[in-house]
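Undergrad: Starting off with a structure, shown below.
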Amino acid sequence: MKKPIVEVKDLVAKYGEDTILEDISIDIYPEQVTVIVGGSGCGKTTLIKNIFKLYQPYSGSVRIFGEEITDMDEVEYEQVLKRIGMLFQNGALINSMNLFDNISIPLEQHTNLPLSIIDKIIKVKLNLVNLGDALELNPSELSGGMKKRAALARAIVLDPEILVCDEPSAGLDPLTSASLDELILKLKSLFKMTIIIVSHELASIHRIADRLIFMDNGRVLFTGSLEEAKRSKIPEVETFFRVGKFD
Amino acid sequence: MYLENKTLFFDGNLTRFNVSELLHKIEEFKDKEIKFLDLTKVSNIDSAGVAFLDELMILFREHTPHLLNASESVDTTIKMFSSMNITPVVPKEGLNFFTRIGDSLFRWRESIIRGFYLTADIFFWSFVCIFKKKGMRKGSVINQSILIGVDALWIIGLLSFILGLILALQSAAQLRQFGANIFVADLIAISMVREMGPMMTAIIVAGRSGSAIASEIATMKVTEEIDAIRMMALDPIRYIVVPKFLAITICMPLLVTMSTLIGIAGGLIIGITYLDLSAISFINEAINILTFKDVIVGLLKSVFFAWVIVIIGCYYGFSVKGGAEGVGKVTTMSVVASIFWVIVLDAINSIIFYF
Ligand SMILES: Nc1ncnc2c1ncn2[C@@H]1O[C@H](COP(=O)(O)OP(=O)(O)OP(=O)(O)O)[C@@H](O)[C@H]1O
Ligand SMILES: [Mg+2]
């Protein structure tokens with residue numbers, strides 16, 4: 001197996017006094033889809049935000065692309081961030097800009113491409129998420145699912161090496177959700193992207209997951225391949241695969 | 001509802017429409033011994049009814065009453081809505097007096113440090129961005145200048161004019177008694193240039209733009225837009241704050257200059273119409289009394305106020321907690337704080353330069 005591309009060791013995260021994550025140690029391997037599963041409120045979003053230093057972890061170590069990032073300086077870390085795309089749980093499009101401007105931010109800031117090229121890239125990416133005709137709309141004029149898809153287009157606009165998606169298919173109808181899964185698989189195979197996905201949807205997990213990280217109450221219950229997860233005897237994991245629900 | 005044989009009998013409905021009535025009636029049985037609650041004739045029960053039964057269980061807990069003869073549907077409802085088996089949430093232990101004082105001192109210290117870092121960040125990146133445009137949105141300085149400066153021209157102009165009129169009118173009545181009509185020009189020129197122009201403008205800009213900055217940043221924070229900007233390998237300070245900072249630094253002295261000139265014009269009108277002064281002599285007098293120092297101090301002061309407004313707006317915007325209601329709160333706090341500090345700093349400035 002290849003060396004992990006993201007290594008998290010003994011990560012502890014707190015909001016004020018409340019400890020949300022305790023001693024999380026996980027590895028994410030390149031060119032795989034890793035799905036983080038867990039009940040609502042168990043700390044999945046918090047985990048992602050701490051790994052990528054949107055919140056400073058309370059303690060622990062995180063290595064991305066083989067480099068320790070928890071004590072990296074800003075300038076250096078920005079170089080790392082340029083190789084990562086993130087889709088937030090609520091989309092997080094900049095509300096004061098239309099879709100085109102939103103998606104062009106990374107291109108405009110981090111490349112010297114002329115407008116004609118930028119224009120084409122954005123159109124292609126929006127078409128990939130079936131939003132080709134929404135170029136001029138403002139985020140407030142989009143439905144919840146459309147916002148999410150637009151945010152995905154923004155996350156992949158620089159063809160990142162790591163793509164992180166916080167519940168990409170929550171709130172989407174089954175058909176759109178399936179086509180999103182297809183897109184994710186394509187990104188993995190075509191661009192050799194490493195993909196980290198937070199998801200609850202059993203159907204979607206069966207389609208896309210290579211590896212699973214199962215969380216409960218701020219701890220990791222299980223990590224392993226999809227096959228191992230299906231055979232797991234851990235009660236929570238077993239229940240999830242039998243009925244698609246958490247207790 | 002009636003009592004017979006230590007058994008309380010209910011009939012008909014036990015719903016939110018009659019529960020409060022029943023609670024009143026229960027008063028008369030308070031001291032009785034009740035061992036059973038008979039629900040044979042109860043046909044309808046809802047969550048309020050179940051809560052009522054729970055209440056009775058607690059009220060008569062010495063006799064541990066039992067429920068009798070509930071029909072199947074009533075029984076199911078009771079099982080689903082009963083609060084008796086919910087373990088109570090233990091509230092967090094409150095801090096004692098001294099810990100709380102220590103805690104708030106600690107937080108004070110922390111917020112001051114945060115303020116310092118923010119200020120340093122803003123100054124550093126603003127300086128860098130003057131030479132290197134990367135990291136800011138294209139055209140955003142011009143955009144912000146229009147929002148902060150051009151859009152405020154009207155209101156600042158109008159209010160300064162009125163202020164000039166009032167100042168002149170109030171003092172004219174006094175000066176006239178001594179035949180010192182011409183001194184109205186001195187009074188208006190000095191007060192507009194040194195104090196009223198910068199202060200008026202700062203207060204209006206704090207109300208218009210300071211609040212806008214705080215609420216914009218706070219909204220972006222609660223909707224994770226700040227995080228998204230960060231993940232795009234951009235610095236939120238550089239991307240959002242610096243354009244505003246540069247714009248306000250350019251606009252404020254210009255707005256103050258305009259405000260001062262219009263204020264003096266207001267005074268001039270009173271001088272001409274009410275004090276029979278000629279425009280030439282009024283203007284001459286005003287120019288003669290003003291020193292270079294007055295003008296420079298006034299303008300520098302205005303730039304300083306501008307920075308205070310931006311920094312306070314950002315500080316409160318970034319410190320938002322909670323959702324939409326948090327945004328409203330920090331917006332209000334930022335306006336109050338920036339007006340407060342503008343006035344305090346103005347006072348300090350007067351003491352330093354004119355005492
Ligand atoms: N800003 C915050 N301040 C304080 N506590 C928070 C904050 N955000 C989240 N929490 C707490 O952290 C815990 C984990 O939240 P998190 O958002 O990571 O859950 P999640 O697994 O992503 O849930 P979901 O599937 O519903 O998105 C929750 O108990 C929540 O109450
Ligand atoms: Mg979440």
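Identifiers in this document derive from the order of the structure tokens: chains are assigned A, B, ..., residues are numbered from 1 separately in each chain, and ligands are numbered from 1 in order of occurrence.
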Check every protein, DNA and RNA residue against ligand 2, keep those with an atom at most 12 Å away (counting only C-alpha atoms and all ligand atoms), and present them as JSON, numbers by chain.

TA: {"A": [36, 37, 38, 39, 40, 41, 42, 43, 44, 45, 46, 47, 48, 49, 87, 88, 89, 90, 91, 165, 166, 167, 168, 170, 197, 198, 199, 200]}

Undergrad: Let's have the selection written as an mmCIF file, in the first residue's frame, with N, CA, C and O atoms.

TA:
data_model
loop_
_atom_site.group_PDB
_atom_site.id
_atom_site.type_symbol
_atom_site.label_atom_id
_atom_site.label_comp_id
_atom_site.auth_asym_id
_atom_site.auth_seq_id
_atom_site.Cartn_x
_atom_site.Cartn_y
_atom_site.Cartn_z
ATOM 1 N N ILE A 36 -16.046 9.157 5.672
ATOM 2 C CA ILE A 36 -16.173 9.291 7.121
ATOM 3 C C ILE A 36 -17.655 9.181 7.459
ATOM 4 O O ILE A 36 -18.467 9.950 6.955
ATOM 5 N N VAL A 37 -17.985 8.188 8.277
ATOM 6 C CA VAL A 37 -19.381 7.934 8.618
ATOM 7 C C VAL A 37 -19.576 8.155 10.104
ATOM 8 O O VAL A 37 -18.672 7.916 10.896
ATOM 9 N N GLY A 38 -20.766 8.600 10.485
ATOM 10 C CA GLY A 38 -21.047 8.753 11.908
ATOM 11 C C GLY A 38 -22.335 9.517 12.111
ATOM 12 O O GLY A 38 -22.751 10.272 11.239
ATOM 13 N N GLY A 39 -22.970 9.328 13.244
ATOM 14 C CA GLY A 39 -24.245 9.975 13.530
ATOM 15 C C GLY A 39 -24.125 11.484 13.581
ATOM 16 O O GLY A 39 -23.029 12.024 13.707
ATOM 17 N N SER A 40 -25.273 12.140 13.494
ATOM 18 C CA SER A 40 -25.271 13.600 13.510
ATOM 19 C C SER A 40 -24.698 14.112 14.829
ATOM 20 O O SER A 40 -25.048 13.618 15.891
ATOM 21 N N GLY A 41 -23.796 15.063 14.747
ATOM 22 C CA GLY A 41 -23.236 15.653 15.956
ATOM 23 C C GLY A 41 -22.067 14.881 16.544
ATOM 24 O O GLY A 41 -21.596 15.209 17.619
ATOM 25 N N CYS A 42 -21.572 13.860 15.836
ATOM 26 C CA CYS A 42 -20.495 13.065 16.427
ATOM 27 C C CYS A 42 -19.129 13.711 16.188
ATOM 28 O O CYS A 42 -18.136 13.272 16.747
ATOM 29 N N GLY A 43 -19.068 14.739 15.353
ATOM 30 C CA GLY A 43 -17.822 15.482 15.216
ATOM 31 C C GLY A 43 -17.139 15.346 13.877
ATOM 32 O O GLY A 43 -15.941 15.623 13.761
ATOM 33 N N LYS A 44 -17.860 14.988 12.835
ATOM 34 C CA LYS A 44 -17.222 14.797 11.527
ATOM 35 C C LYS A 44 -16.739 16.119 10.938
ATOM 36 O O LYS A 44 -15.588 16.238 10.493
ATOM 37 N N THR A 45 -17.641 17.120 10.966
ATOM 38 C CA THR A 45 -17.255 18.420 10.438
ATOM 39 C C THR A 45 -16.089 18.993 11.246
ATOM 40 O O THR A 45 -15.130 19.531 10.687
ATOM 41 N N THR A 46 -16.187 18.847 12.565
ATOM 42 C CA THR A 46 -15.120 19.327 13.434
ATOM 43 C C THR A 46 -13.795 18.652 13.082
ATOM 44 O O THR A 46 -12.748 19.304 13.035
ATOM 45 N N LEU A 47 -13.842 17.356 12.821
ATOM 46 C CA LEU A 47 -12.621 16.620 12.475
ATOM 47 C C LEU A 47 -11.988 17.203 11.206
ATOM 48 O O LEU A 47 -10.798 17.531 11.181
ATOM 49 N N ILE A 48 -12.803 17.375 10.181
ATOM 50 C CA ILE A 48 -12.270 17.894 8.922
ATOM 51 C C ILE A 48 -11.661 19.275 9.118
ATOM 52 O O ILE A 48 -10.561 19.568 8.655
ATOM 53 N N LYS A 49 -12.382 20.120 9.859
ATOM 54 C CA LYS A 49 -11.889 21.488 10.032
ATOM 55 C C LYS A 49 -10.600 21.520 10.842
ATOM 56 O O LYS A 49 -9.772 22.399 10.651
ATOM 57 N N LEU A 87 -15.436 21.141 -0.139
ATOM 58 C CA LEU A 87 -16.851 21.462 -0.267
ATOM 59 C C LEU A 87 -17.433 21.492 1.143
ATOM 60 O O LEU A 87 -17.393 20.495 1.849
ATOM 61 N N PHE A 88 -17.950 22.644 1.562
ATOM 62 C CA PHE A 88 -18.474 22.768 2.914
ATOM 63 C C PHE A 88 -19.899 22.242 2.990
ATOM 64 O O PHE A 88 -20.608 22.170 1.990
ATOM 65 N N GLN A 89 -20.289 21.911 4.233
ATOM 66 C CA GLN A 89 -21.597 21.295 4.428
ATOM 67 C C GLN A 89 -22.719 22.168 3.872
ATOM 68 O O GLN A 89 -23.670 21.663 3.306
ATOM 69 N N ASN A 90 -22.593 23.483 4.020
ATOM 70 C CA ASN A 90 -23.658 24.353 3.517
ATOM 71 C C ASN A 90 -23.249 25.096 2.253
ATOM 72 O O ASN A 90 -23.845 26.121 1.914
ATOM 73 N N GLY A 91 -22.224 24.628 1.586
ATOM 74 C CA GLY A 91 -21.821 25.266 0.344
ATOM 75 C C GLY A 91 -20.828 26.383 0.557
ATOM 76 O O GLY A 91 -19.753 26.372 -0.008
ATOM 77 N N CYS A 165 -15.196 16.588 0.868
ATOM 78 C CA CYS A 165 -16.604 16.951 0.712
ATOM 79 C C CYS A 165 -17.364 16.634 1.983
ATOM 80 O O CYS A 165 -17.406 15.484 2.412
ATOM 81 N N ASP A 166 -17.981 17.654 2.591
ATOM 82 C CA ASP A 166 -18.788 17.442 3.784
ATOM 83 C C ASP A 166 -20.237 17.228 3.356
ATOM 84 O O ASP A 166 -20.913 18.168 2.961
ATOM 85 N N GLU A 167 -20.667 16.003 3.412
ATOM 86 C CA GLU A 167 -22.022 15.606 3.039
ATOM 87 C C GLU A 167 -22.457 16.181 1.698
ATOM 88 O O GLU A 167 -23.373 16.995 1.628
ATOM 89 N N PRO A 168 -21.808 15.740 0.634
ATOM 90 C CA PRO A 168 -22.139 16.299 -0.675
ATOM 91 C C PRO A 168 -23.552 15.959 -1.119
ATOM 92 O O PRO A 168 -24.195 16.749 -1.781
ATOM 93 N N ALA A 170 -26.271 15.129 0.846
ATOM 94 C CA ALA A 170 -27.402 15.393 1.737
ATOM 95 C C ALA A 170 -28.273 16.481 1.110
ATOM 96 O O ALA A 170 -27.782 17.500 0.660
ATOM 97 N N ILE A 197 -14.765 12.003 2.006
ATOM 98 C CA ILE A 197 -16.179 12.363 1.955
ATOM 99 C C ILE A 197 -16.844 12.058 3.280
ATOM 100 O O ILE A 197 -16.628 10.999 3.860
ATOM 101 N N VAL A 198 -17.633 13.007 3.759
ATOM 102 C CA VAL A 198 -18.483 12.733 4.912
ATOM 103 C C VAL A 198 -19.835 12.345 4.359
ATOM 104 O O VAL A 198 -20.371 13.046 3.503
ATOM 105 N N SER A 199 -20.364 11.218 4.778
ATOM 106 C CA SER A 199 -21.647 10.799 4.212
ATOM 107 C C SER A 199 -22.410 9.899 5.162
ATOM 108 O O SER A 199 -21.830 9.226 6.006
ATOM 109 N N HIS A 200 -23.743 9.933 5.028
ATOM 110 C CA HIS A 200 -24.585 9.022 5.809
ATOM 111 C C HIS A 200 -25.260 8.001 4.908
ATOM 112 O O HIS A 200 -25.926 7.124 5.388
#

Undergrad: For chain A, which residues have at least one atom within 6 Å of chain B, if we go by only C-alpha atoms? Write them as a tab-separated table (two decimals) with N, CA and C atoms, in the first residue's frame, please.

TA:
chain	number	residue	atom	x	y	z
A	78	GLU	N	-0.19	28.04	2.87
A	78	GLU	CA	-1.00	28.41	1.71
A	78	GLU	C	-0.62	27.59	0.48
A	81	LEU	N	-2.49	24.47	0.88
A	81	LEU	CA	-3.93	24.65	0.64
A	81	LEU	C	-4.28	24.72	-0.83
A	82	LYS	N	-3.35	25.24	-1.63
A	82	LYS	CA	-3.62	25.34	-3.06
A	82	LYS	C	-3.82	23.98	-3.70
A	92	ALA	N	-21.20	27.36	1.41
A	92	ALA	CA	-20.30	28.48	1.72
A	92	ALA	C	-19.83	29.22	0.48
A	94	ILE	N	-19.58	32.60	-1.67
A	94	ILE	CA	-19.55	34.00	-1.22
A	94	ILE	C	-20.84	34.67	-1.72

Undergrad: Do you have, as a Markdown table, the list of residues of chain B lying at most 10 Å from ligand 1, each with its nearest atom pair and that distance in Å to one decimal, counting only C-alpha atoms and all ligand atoms and ordered by chain then number?

TA:
| residue | atom | partner | partner_atom_place_in_ligand_line | distance |
| --- | --- | --- | --- | --- |
| B:Val222 | CA | ligand 1 | 1 (N) | 8.9 |
| B:Lys321 | CA | ligand 1 | 1 (N) | 7.5 |
| B:Gly322 | CA | ligand 1 | 1 (N) | 7.3 |
| B:Gly323 | CA | ligand 1 | 1 (N) | 9.6 |

Undergrad: What is the distance between atom CA of B:Ile287 and atom CA of B:Phe353, in Å to one decimal?

TA: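 If I compute the distance from atom CA of B:Ile287 to atom CA of B:Phe353, I get 19.9 Å.
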
Undergrad: List the neighbours of B:Ser281 out to 9 Å using only C-alpha atoms; skip same-chain residues closer than 5 positions along the sequence, and give me the result as a compact mmCIF listing (two decimals) with C-alpha atoms, in the first residue's frame.

TA:
# COMPACT_ATOMS: atom_id res chain seq x y z
CA ILE B 182 -17.45 89.08 11.90
CA ALA B 185 -16.53 83.35 10.61
CA ALA B 286 -12.05 82.35 7.98

Undergrad: Name all residues at most 12 Å from B:Phe29 (count only C-alpha atoms; drop same-chain ones fewer than 6 positions away) and give them as a PyMOL selection string.

TA: chain B and resi 1-4+6-8+22-23+56+59-60

Undergrad: Neighbouring residues of stretch 35-42 of chain B were defined as those with any atom within 8 Å, considering only C-alpha atoms; residues of the same chain fewer than 6 positions away were excluded. Please report them as a PDB file with N, CA, C and O atoms, in the first residue's frame.

TA:
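And here's selection.pdb as it stands now:
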ATOM      1  N   LYS B   6     -59.803   5.853  47.022  1.00  0.00           N
ATOM      2  CA  LYS B   6     -58.396   6.129  46.726  1.00  0.00           C
ATOM      3  C   LYS B   6     -58.096   6.059  45.232  1.00  0.00           C
ATOM      4  O   LYS B   6     -56.949   5.940  44.823  1.00  0.00           O
ATOM      5  N   THR B   7     -59.105   6.080  44.419  1.00  0.00           N
ATOM      6  CA  THR B   7     -58.898   6.037  42.978  1.00  0.00           C
ATOM      7  C   THR B   7     -59.484   7.296  42.350  1.00  0.00           C
ATOM      8  O   THR B   7     -60.603   7.694  42.666  1.00  0.00           O
ATOM      9  N   LEU B   8     -58.664   7.895  41.504  1.00  0.00           N
ATOM     10  CA  LEU B   8     -59.115   9.097  40.804  1.00  0.00           C
ATOM     11  C   LEU B   8     -59.612   8.662  39.430  1.00  0.00           C
ATOM     12  O   LEU B   8     -58.871   8.039  38.671  1.00  0.00           O
ATOM     13  N   PHE B   9     -60.882   8.961  39.124  1.00  0.00           N
ATOM     14  CA  PHE B   9     -61.441   8.528  37.844  1.00  0.00           C
ATOM     15  C   PHE B   9     -61.464   9.693  36.853  1.00  0.00           C
ATOM     16  O   PHE B   9     -61.850  10.806  37.204  1.00  0.00           O
ATOM     17  N   PHE B  10     -61.046   9.417  35.660  1.00  0.00           N
ATOM     18  CA  PHE B  10     -61.105  10.433  34.601  1.00  0.00           C
ATOM     19  C   PHE B  10     -62.066   9.973  33.526  1.00  0.00           C
ATOM     20  O   PHE B  10     -62.280   8.773  33.339  1.00  0.00           O
ATOM     21  N   ASP B  11     -62.645  10.900  32.797  1.00  0.00           N
ATOM     22  CA  ASP B  11     -63.432  10.478  31.633  1.00  0.00           C
ATOM     23  C   ASP B  11     -63.288  11.468  30.478  1.00  0.00           C
ATOM     24  O   ASP B  11     -62.836  12.594  30.656  1.00  0.00           O
ATOM     25  N   GLY B  12     -63.677  10.998  29.335  1.00  0.00           N
ATOM     26  CA  GLY B  12     -63.647  11.838  28.138  1.00  0.00           C
ATOM     27  C   GLY B  12     -62.226  12.140  27.686  1.00  0.00           C
ATOM     28  O   GLY B  12     -61.399  11.251  27.528  1.00  0.00           O
ATOM     29  N   ASN B  13     -61.958  13.422  27.508  1.00  0.00           N
ATOM     30  CA  ASN B  13     -60.670  13.820  26.930  1.00  0.00           C
ATOM     31  C   ASN B  13     -59.668  14.230  27.989  1.00  0.00           C
ATOM     32  O   ASN B  13     -60.038  14.788  29.020  1.00  0.00           O
ATOM     33  N   LEU B  14     -58.419  13.948  27.710  1.00  0.00           N
ATOM     34  CA  LEU B  14     -57.325  14.489  28.516  1.00  0.00           C
ATOM     35  C   LEU B  14     -56.381  15.171  27.520  1.00  0.00           C
ATOM     36  O   LEU B  14     -55.384  14.601  27.099  1.00  0.00           O
ATOM     37  N   HIS B  63     -47.615   8.135  47.559  1.00  0.00           N
ATOM     38  CA  HIS B  63     -48.484   6.944  47.502  1.00  0.00           C
ATOM     39  C   HIS B  63     -48.214   6.128  46.249  1.00  0.00           C
ATOM     40  O   HIS B  63     -48.928   5.187  45.983  1.00  0.00           O
ATOM     41  N   THR B  64     -47.193   6.494  45.483  1.00  0.00           N
ATOM     42  CA  THR B  64     -46.857   5.837  44.201  1.00  0.00           C
ATOM     43  C   THR B  64     -48.095   5.352  43.446  1.00  0.00           C
ATOM     44  O   THR B  64     -48.373   4.158  43.398  1.00  0.00           O
ATOM     45  N   PRO B  65     -48.846   6.282  42.893  1.00  0.00           N
ATOM     46  CA  PRO B  65     -50.083   5.890  42.196  1.00  0.00           C
ATOM     47  C   PRO B  65     -49.808   5.061  40.946  1.00  0.00           C
ATOM     48  O   PRO B  65     -48.750   5.168  40.334  1.00  0.00           O
ATOM     49  N   HIS B  66     -50.782   4.209  40.597  1.00  0.00           N
ATOM     50  CA  HIS B  66     -50.681   3.385  39.397  1.00  0.00           C
ATOM     51  C   HIS B  66     -51.751   3.788  38.401  1.00  0.00           C
ATOM     52  O   HIS B  66     -52.832   4.228  38.779  1.00  0.00           O
ATOM     53  N   LEU B  67     -51.443   3.605  37.130  1.00  0.00           N
ATOM     54  CA  LEU B  67     -52.441   3.855  36.093  1.00  0.00           C
ATOM     55  C   LEU B  67     -53.247   2.583  35.875  1.00  0.00           C
ATOM     56  O   LEU B  67     -52.687   1.491  35.840  1.00  0.00           O
ATOM     57  N   LEU B  68     -54.555   2.740  35.724  1.00  0.00           N
ATOM     58  CA  LEU B  68     -55.402   1.566  35.547  1.00  0.00           C
ATOM     59  C   LEU B  68     -56.195   1.654  34.251  1.00  0.00           C
ATOM     60  O   LEU B  68     -56.640   2.738  33.858  1.00  0.00           O
ATOM     61  N   ASN B  69     -56.366   0.498  33.647  1.00  0.00           N
ATOM     62  CA  ASN B  69     -57.351   0.336  32.571  1.00  0.00           C
ATOM     63  C   ASN B  69     -57.208   1.310  31.407  1.00  0.00           C
ATOM     64  O   ASN B  69     -58.209   1.775  30.859  1.00  0.00           O
ATOM     65  N   ALA B  70     -56.004   1.643  31.059  1.00  0.00           N
ATOM     66  CA  ALA B  70     -55.863   2.504  29.884  1.00  0.00           C
ATOM     67  C   ALA B  70     -56.118   1.660  28.641  1.00  0.00           C
ATOM     68  O   ALA B  70     -55.660   0.520  28.563  1.00  0.00           O
ATOM     69  N   SER B  71     -56.869   2.204  27.692  1.00  0.00           N
ATOM     70  CA  SER B  71     -57.082   1.466  26.446  1.00  0.00           C
ATOM     71  C   SER B  71     -55.758   1.385  25.685  1.00  0.00           C
ATOM     72  O   SER B  71     -54.804   2.120  25.986  1.00  0.00           O
ATOM     73  N   VAL B  74     -54.533   4.665  24.176  1.00  0.00           N
ATOM     74  CA  VAL B  74     -54.133   5.619  25.217  1.00  0.00           C
ATOM     75  C   VAL B  74     -52.812   5.186  25.831  1.00  0.00           C
ATOM     76  O   VAL B  74     -51.906   5.992  26.042  1.00  0.00           O
TER      77      VAL B  74
END

Undergrad: At a cut-off of 8 Å, using only C-alpha atoms, what residues contact A:Val237? Leave out same-chain residues fewer than 6 positions from it and give the result as a ChimeraX atom specification.

TA: /A:214,222,229-230

Undergrad: For C-alpha atoms, I'd like the residues from the last selection saved as a short mmCIF file (atom, residue, chain, number, x, y, z; two decimals), in the first residue's frame.

TA:
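Output file part06.cif is given in full below:
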data_model
loop_
_atom_site.label_atom_id
_atom_site.label_comp_id
_atom_site.auth_asym_id
_atom_site.auth_seq_id
_atom_site.Cartn_x
_atom_site.Cartn_y
_atom_site.Cartn_z
CA PHE A 214 -16.55 5.08 11.38
CA PHE A 222 -13.49 1.52 12.99
CA ALA A 229 -16.52 -2.84 7.26
CA LYS A 230 -19.31 -5.03 5.89
#

Undergrad: Extract, using only C-alpha atoms, all DNA, RNA and protein residues at most 12 Å from A:Glu108, discarding same-chain residues fewer than 3 positions from it, and format them as a PyMOL selection string.

TA: (chain A and resi 100-105+111-119+121-122+157-158) or (chain B and resi 133-138+232+234)

Undergrad: Using only C-alpha atoms for the distances, tell me which of B:Ser215, B:Gln144, B:Asn181, B:Asn44 is nearest to B:Asp276.

TA: B:Asn181

Undergrad: May I ask which of the residues B:Ile112, B:Leu300, B:Val241, B:Met80 is the closest one to B:Gly317, counting only C-alpha atoms?

TA: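 Under the stated criterion, the closest residue is B:Val241.
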
Undergrad: Rank nothing, just name the residue among B:Leu167, B:Arg61, B:Glu33, B:Leu290 nearest to B:Ala265, using only C-alpha atoms.

TA: B:Leu167

Undergrad: When distances are computed from only C-alpha atoms, which of B:Thr260, B:Ser145, B:Asn284, B:Ser278 shows the smallest separation from B:Val193?

TA: B:Thr260

Undergrad: Using only C-alpha atoms, pick whichever of A:Glu68, A:Glu236, A:Asp23, A:Glu31 has the shortest atom-to-atom distance to A:Ile195.

TA: A:Glu31

Undergrad: Find, counting only C-alpha atoms, the residue in B:Val297, B:Ala206, B:Leu246, B:Ile283 that gets nearest to B:Ser334.

TA: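 For B:Ser334, the nearest of the candidates is B:Ala206.
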
Undergrad: What residues in stretch 129-295 of chain B get the DSSP label alpha helix (DSSP H)? Please answer as a VMD selection string.

TA: chain B and resid 129 to 131 140 to 148 153 to 177 183 to 191 197 to 205 211 to 222 225 to 231 236 242 to 274 279 to 289 292 to 295
